[in-house]
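These notes are about the structure you will find just below.
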Amino acid sequence: MAKFVAFFSTICLIGLLLAIFIPQGHLRTFDSQAIVKEVRPLNELATVKYGIEKVIGMKEEKSPVGEESILLLVRGTVVAGINLASLSSNDVSISSDGVAKIHLMKPEIQAAYIDEKYTKVWDRGITWWTPWVSPDLDLEHKARMQAIDDIKLEALQMGILAEAQRSVEVDLRSILQAFGIQKTLFVFGT
């Protein structure tokens with residue numbers, strides 16, 4: 001999934017750079033609608049990908065007594081970026097001195113998933129003195145769902161959204177410089 005997102009983003013970026021040149025080799029003149037037309041097709045621009053490894057432990061109390069536990073070793077991936085699909089010409093303004101001001105949504109986590117190839121159950125047990133207690137078939141699934149939540153939280157604590165914002169600014173600024181717009185101001189949170 002992440003490879004597809006990276007591939008798609010790269011293809012869109014190359015397409016945009018090729019699209020800015022007309023056949024005579026002159027640069028086009030761009031206004032806010034033209035910028036939106038060129039940038040919006042990027043849709044969800046994924047700019048940062050974190051790989052995170054965690055150990056997830058869960059215990060479940062059994063009735064009337066006893067417990068079941070699982071220990072899961074997880075390798076997961078969290079992808080963050082920005083949604084450009086809702087960008088409109090009202091979000092882009094170009095001043096008389098050529099500075100483009102663009103209002104963008106805040107970066108967000110776009111995907112979080114577990115790499116099953118590197119994820120394994122390290123330990124699973126049920127209290128030995130309660131053999132009549134049946135194991136919970138969904139405990140491993142619950143641990144995997146908890147792992148996804150935990151890797152998202154870990155990525156947030158590591159600063160994935162701030163890094164995604166910086167990366168979005170660099171990527172979009174380079175696209176706009178190819179359009180001939182040398183100065184760009186980004187406003188996030190609209």
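Each chain in the structure tokens gets a letter, A, B, ..., in the order shown, and its residues are numbered from 1; ligands are numbered from 1 in order too.
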
Legend entry - Surrounding residues of region 45-49 of chain A excluding itself and chain neighbours under 5 positions, 6 Å, only C-alpha atoms, as an NGL selection string: :A and (78-82 or 164 or 167)

Legend entry - Minimum-distance residue to Lys120 (chain A), chosen among A:Phe186, A:Glu140, A:Ala178, A:Gly159 (using only C-alpha atoms):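 Checking each candidate against Lys120 (chain A), we get A:Glu140 as the closest.
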
Legend entry - Counting only C-alpha atoms, the option among A:Pro107, A:Ile52, A:Leu139, A:Leu161 closest to Val187 (chain A):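 Selected residue with least distance to Val187 (chain A): A:Pro107.
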
Inset, instruction - Find the residues around region 71-73 of chain A up to 10 Å (only C-alpha atoms counted), leave out those fewer than 4 positions away in its own chain, and share them as a list in words. - result: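 Residues meeting the cut-off are Glu53, Lys54, Val55, Ile56, Gly57, Met58, Lys59, Tyr118, Thr119, Lys120, Val121, Trp122, Asp123, Arg124, Gly125, Glu140, Ala143, Arg144 and Ala147 of chain A.
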
Inset, instruction - If you run DSSP over the backbone, which residues in region 104-171 of chain A end up alpha helix (DSSP H)? Put them as an MDAnalysis selection string. - result: chainID A and resid 139:158 160:171

Inset, instruction - Find the residues around Asp115 (chain A) up to 9 Å (only C-alpha atoms counted), leave out those fewer than 6 positions away in its own chain, and share them as a list in words. - result: Val74, Arg75, Gly76 and Thr77 of chain A

Keeping only C-alpha atoms, write those residues as a PDB file, in the first residue's frame.
ATOM      1  CA  VAL A  74       4.601  -6.149  15.895  1.00  0.00           C
ATOM      2  CA  ARG A  75       6.210  -4.242  13.073  1.00  0.00           C
ATOM      3  CA  GLY A  76       3.906  -1.583  11.673  1.00  0.00           C
ATOM      4  CA  THR A  77       3.910   1.325   9.282  1.00  0.00           C
TER       5      THR A  77
END

Legend entry - Near-Lys152 (chain A) list (7 Å; only C-alpha atoms; drop same-chain fewer than 4 positions) as number ranges by chain: A: 78, 112, 148, 156

Legend entry - Nearest-residue call for Ala100 (chain A), choices A:Gln165, A:Thr184, A:Asn83, A:Gln146, using only C-alpha atoms: A:Thr184

Legend entry - Long-range neighbours of Arg173 (chain A) as a ChimeraX atom specification, 9 Å cut-off, only C-alpha atoms, 6 positions minimum in chain: /A:181-185

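Our summary of the geometry notes that CA of Gln110 (chain A) is positioned 20.8 Å from CA of Ser88 (chain A).
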